[in-house]
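Novice: There's a structure below that I have some questions on.
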Number of protein chains: 2
Amino acid sequence: MPARSRKDPEAPTLSPLARAIGKRQPFDSPAVEAFLSVMRTASWLSAPVERLLKGHDLSAATYNVLRILRGARMSGLEHGRACHEIGEHMVAQVPDVTRLVDRLTLAGLVERTRCEKDRRVVYVRITDAGMQLLALIDHPLMELHTAQLGHLKHAEITQLCDLLERVRVAEPLD
Amino acid sequence: MPARSRKDPEAPTLSPLARAIGKRQPFDSPAVEAFLSVMRTASWLSAPVERLLKGHDLSAATYNVLRILRGARMSGLEHGRACHEIGEHMVAQVPDVTRLVDRLTLAGLVERTRCEKDRRVVYVRITDAGMQLLALIDHPLMELHTAQLGHLKHAEITQLCDLLERVRVAEPLD
DNA sequence: AACCAACTATTGTTTCCACAACTGATCGGG
DNA sequence: CCCGATCAGTTGTGGAAACAATAGTTGGTT
């Protein structure tokens with residue numbers, strides 16, 4: 001996660017001594033523990049996925065763009081999607097979308113077409129090669145996900161998703 | 001987020017039509033849903049935190065290094081920690097640690113000292129300025145965490161942590 | 001009709017991360 | 001003793017993200 005990056009700060013270090021001496025605050029509060037737990041799990045889950053994608057010369061970001069465009073194509077959107085739409089579906093910023101599309105275009109997985117009605121927008125459409133690449137990835141990725149999460153009972157998974165969704169209810173703040 | 005990057009692929013796109021027409025596979029399986037749920041939550045949680053840290057010219061990675069070194073100092077380790085130890089506590093790779101320490105040294109938050117017994121290792125120690133900076137961040141960060149997670153009941157939080165821990169039990173695979 | 005504001009996408013710049021190759025130091029076997 | 005293997009840290013390079021600034025388009029207002 002992503003956010004790949006925060007892990008286990010000073011955890012193995014909090015010896016009984018430190019716990020007694022250092023002010024050590026209420027710093028292992030439930031909130032912090034939950035935060036770290038989500039972060040650790042996210043990076044634990046995403047690392048193997050990114051390795052898999054990298055085997056097909058894709059990053060998580062470019063893969064997501066392709067997924068979005070496949071969704072658009074399967075929904076019958078002939079011309080694909082505009083850049084800012086892609087940027088909305090991911091939470092990526094628009095400048096990044098341009099460069100992601102650059103790489104995908106270079107790889108022949110995606111095509112750009114200017115909109116005639118509004119010449120500002122550029123439609124991006126997944127090519128057949130892009131569809132084939134995604135199809136190639138679908139199965140191994142699915143297997144990876146089941147390898148990572150298949151040992152959980154169905155009830156546990158829904159419970160987990162419910163709790164995570166409940167986390168995201170709070171105001172974004174700041 | 002770490003991994004900060006996978007979100008909501010083609011989700012708003014799966015119209016009833018697409019669901020009926022496209023082969024659409026068993027692709028919204030529980031495993032995939034849980035995976036995406038964790039990812040979304042991780043980036044939702046980490047984004048405000050990284051904004052807060054950036055206000056003090058820190059990234060998530062540099063902040064973690066500081067946290068690890070504060071932990072070491074509060075545990076009574078006078079000389080701090082060796083680079084490879086830091087790299088173990090984070091899951092960052094060792095080459096990255098060098099550059100992270102470079103920036104922190106430049107900012108005066110950290111000091112390098114060569115080990116006399118084994119002249120290969122370089123100890124990294126947090127300075128007083130580094131301790132002060134962390135102390136400055138502690139409270140706002142704590143408040144942010146409670147703003148993000150405080151609306152959950154204590155039981156829900158422990159349940160969430162338990163479930164996430166249970167996820168990470170599976171074999172790393174690949 | 002012309003200008004101004006809002007919008008879409010691109011480019012530029014800086015920072016940061018990932019991976020490979022390299023330098024210097026230590027240890028162990030012949 | 002010395003030579004290779006291993007280890008610790010650094011450096012080099014390429015790729016990707018964040019953010020600001022820009023170019024080109026559109027639409028509304030005066």
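Every chain in the structure tokens takes a letter, A first, then B, and so on in the order presented; its residues are numbered from 1, and the ligands are numbered from 1 following the presented order.
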Find the residues of chain C in contact range of chain B, meaning any atom within 9 Å when counting only C-alpha atoms (C1' of nucleotides), and list them as a ChimeraX atom specification.
Specialist: /C:17-18,24-26
Novice: Mind writing the picked residues with C-alpha atoms (C1' of nucleotides) as a short mmCIF file (atom, residue, chain, number, x, y, z; two decimals), in the first residue's frame?
Specialist:
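File out_29.cif, as written:
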```cif
data_model
loop_
_atom_site.label_atom_id
_atom_site.label_comp_id
_atom_site.auth_asym_id
_atom_site.auth_seq_id
_atom_site.Cartn_x
_atom_site.Cartn_y
_atom_site.Cartn_z
"C1'" DC C 17 11.16 4.63 -4.60
"C1'" DA C 18 12.95 0.16 -6.79
"C1'" DG C 24 34.88 -1.47 1.64
"C1'" DA C 25 35.15 -4.61 5.73
"C1'" DT C 26 34.94 -9.07 8.12
#
```
Novice: Give me the chain D side of the contact with chain A, cut-off 12 Å, one line per residue showing its nearest atom pair and distance in Å at one decimal, counting only C-alpha atoms (C1' of nucleotides), sorted by chain and residue number, as a Markdown table.
Specialist:
```
| residue | atom | partner | partner_atom | distance |
| --- | --- | --- | --- | --- |
| D:DG15 | C1' | A:Ser59 | CA | 10.4 |
| D:DA16 | C1' | A:Asp96 | CA | 9.1 |
| D:DA17 | C1' | A:Asp96 | CA | 7.5 |
| D:DA18 | C1' | A:Gln93 | CA | 8.8 |
| D:DC19 | C1' | A:Pro95 | CA | 9.5 |
| D:DA20 | C1' | A:Pro95 | CA | 11.0 |
| D:DA21 | C1' | A:Pro95 | CA | 11.9 |
| D:DA23 | C1' | A:Arg120 | CA | 10.9 |
| D:DG24 | C1' | A:Arg120 | CA | 7.4 |
| D:DT25 | C1' | A:Arg120 | CA | 5.5 |
| D:DT26 | C1' | A:Asp118 | CA | 7.7 |
| D:DG27 | C1' | A:Asp118 | CA | 11.5 |
```
Novice: What's the separation between CA of Thr105 in chain B and CA of Arg40 in chain A, in Å to one decimal place?
Specialist: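 A separation of 27.0 Å between them.
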Novice: Considering only C-alpha atoms (C1' of nucleotides), return as number ranges by chain whatever protein or nucleic-acid residues lie within 8 Å of range 150-152 of chain B, sequence-local ones (same chain, fewer than 4 positions apart) excluded.
Specialist: A: 31, 166-167, 170; B: 145-146, 156-157
Novice: If you run DSSP on the backbone, which residues of range 7-124 of chain A are strand (DSSP E), as a ChimeraX atom specification?
Specialist: /A:81-82,110-114,122-124
Novice: I need the residue nearest chain B from this list: A:Met90, A:Leu133, A:Val124, A:Ala82. Use only C-alpha atoms for the distance.
Specialist: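 Smallest separation from chain B among the options: A:Met90.
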Novice: What does the structure give for the distance between CA of Ile68 in chain A and CA of Arg168 in chain A, in Å to one decimal?
Specialist: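 Interatomic distance, CA of Ile68 in chain A to CA of Arg168 in chain A: 22.3 Å.
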Novice: Using DSSP on the backbone coordinates, identify all residues within range 24-145 of chain B classified as helix (DSSP H, G or I); present the result as a ChimeraX atom specification.
Specialist: /B:30-54,60-74,83-89,94-106,128-145
Novice: Applying 12 Å and only C-alpha atoms (C1' of nucleotides), which residues near DT30 in chain D remain after dropping the ones on its own chain fewer than 5 positions away? List them as a PyMOL selection string.
Specialist: chain C and resi 1-4
Novice: Mind dumping the selected residues with N, CA and C atoms (P, O5', C5', C4', C3', O3' and C1' of nucleotides) as a JSON list (two decimals), in the first residue's frame?
Specialist:
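Generated file (result.json):
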```json
[["chain", "number", "residue", "atom", "x", "y", "z"],
["C", 1, "DA", "P", -20.79, 38.94, -35.08],
["C", 1, "DA", "O5'", -20.10, 39.68, -33.86],
["C", 1, "DA", "C5'", -19.56, 40.98, -34.09],
["C", 1, "DA", "C4'", -18.63, 41.32, -32.93],
["C", 1, "DA", "C3'", -17.45, 40.36, -32.80],
["C", 1, "DA", "O3'", -16.27, 41.14, -32.65],
["C", 1, "DA", "C1'", -18.72, 40.38, -30.77],
["C", 2, "DA", "P", -14.97, 40.64, -32.32],
["C", 2, "DA", "O5'", -15.06, 40.81, -30.74],
["C", 2, "DA", "C5'", -15.26, 42.11, -30.17],
["C", 2, "DA", "C4'", -14.83, 42.06, -28.70],
["C", 2, "DA", "C3'", -13.50, 41.32, -28.47],
["C", 2, "DA", "O3'", -12.83, 41.91, -27.38],
["C", 2, "DA", "C1'", -15.24, 40.12, -27.41],
["C", 3, "DC", "P", -11.34, 41.51, -27.07],
["C", 3, "DC", "O5'", -11.36, 41.43, -25.49],
["C", 3, "DC", "C5'", -12.29, 42.24, -24.75],
["C", 3, "DC", "C4'", -12.84, 41.43, -23.58],
["C", 3, "DC", "C3'", -11.77, 40.67, -22.80],
["C", 3, "DC", "O3'", -11.91, 40.96, -21.43],
["C", 3, "DC", "C1'", -13.57, 39.23, -23.35],
["C", 4, "DC", "P", -10.67, 40.72, -20.45],
["C", 4, "DC", "O5'", -11.33, 39.96, -19.23],
["C", 4, "DC", "C5'", -12.73, 40.15, -18.96],
["C", 4, "DC", "C4'", -13.30, 38.89, -18.31],
["C", 4, "DC", "C3'", -12.29, 38.11, -17.47],
["C", 4, "DC", "O3'", -12.91, 37.73, -16.26],
["C", 4, "DC", "C1'", -13.27, 36.69, -19.08]]
```
Novice: Between CA of His79 in chain A and CA of Arg114 in chain A, what is the spacing in Å?
Specialist: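 Atom-to-atom, CA of Arg114 in chain A to CA of His79 in chain A, that is 9.5 Å.
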Novice: So, counting only C-alpha atoms, which residue among B:Lys54, B:Arg67, B:His84, B:Arg125 is closest to chain A?
Specialist: B:Arg67
Novice: Select, from B:Arg81, B:Arg103, B:Arg112, B:His154, the residue with the minimum atom-to-atom distance to chain A, counting only C-alpha atoms.
Specialist: B:His154
Novice: Go through A:Leu134, A:Val91, A:Cys83, A:Leu104 and flag the residue nearest chain B, using only C-alpha atoms for the distances.
Specialist: A:Val91
Novice: Tell me, as a list in words, which residues lie within 12 Å of DC3 in chain D, counting only C-alpha atoms (C1' of nucleotides); anything in the same chain fewer than 2 positions away does not count.
Specialist: DC27, DG28, DG29 and DG30 of chain C; DC1 and DA5 of chain D
Novice: May I have the residues from that selection written out with N, CA and C atoms (P, O5', C5', C4', C3', O3' and C1' of nucleotides), as a tab-separated table (two decimals), in the first residue's frame?
Specialist:
```
chain	number	residue	atom	x	y	z
C	27	DC	P	35.00	-10.29	12.32
C	27	DC	O5'	34.75	-11.71	11.65
C	27	DC	C5'	33.54	-11.94	10.94
C	27	DC	C4'	33.64	-13.23	10.14
C	27	DC	C3'	34.48	-14.33	10.82
C	27	DC	O3'	33.76	-15.54	10.81
C	27	DC	C1'	35.24	-13.95	8.61
C	28	DG	P	34.28	-16.72	11.74
C	28	DG	O5'	34.66	-17.82	10.66
C	28	DG	C5'	33.75	-18.12	9.60
C	28	DG	C4'	34.44	-18.95	8.54
C	28	DG	C3'	35.32	-20.08	9.09
C	28	DG	O3'	35.11	-21.25	8.33
C	28	DG	C1'	36.60	-18.67	7.68
C	29	DG	P	35.75	-22.61	8.83
C	29	DG	O5'	36.56	-23.07	7.52
C	29	DG	C5'	35.88	-23.08	6.26
C	29	DG	C4'	36.88	-23.25	5.14
C	29	DG	C3'	37.83	-24.44	5.31
C	29	DG	O3'	38.09	-25.01	4.04
C	29	DG	C1'	39.10	-22.45	5.25
C	30	DG	P	38.81	-26.45	3.96
C	30	DG	O5'	40.19	-26.15	3.25
C	30	DG	C5'	40.19	-25.72	1.89
C	30	DG	C4'	41.54	-25.06	1.58
C	30	DG	C3'	42.74	-25.99	1.68
C	30	DG	O3'	43.50	-25.90	0.50
C	30	DG	C1'	43.11	-24.02	2.94
D	1	DC	P	50.25	-13.65	9.40
D	1	DC	O5'	50.32	-13.86	7.86
D	1	DC	C5'	51.37	-14.59	7.27
D	1	DC	C4'	50.84	-15.04	5.95
D	1	DC	C3'	50.01	-13.96	5.25
D	1	DC	O3'	50.27	-14.10	3.84
D	1	DC	C1'	48.65	-15.87	5.64
D	5	DA	P	34.12	-17.73	-4.09
D	5	DA	O5'	33.29	-17.49	-2.75
D	5	DA	C5'	33.46	-18.41	-1.67
D	5	DA	C4'	32.65	-17.93	-0.48
D	5	DA	C3'	31.30	-17.30	-0.84
D	5	DA	O3'	30.29	-17.77	0.03
D	5	DA	C1'	32.62	-15.76	0.39
```
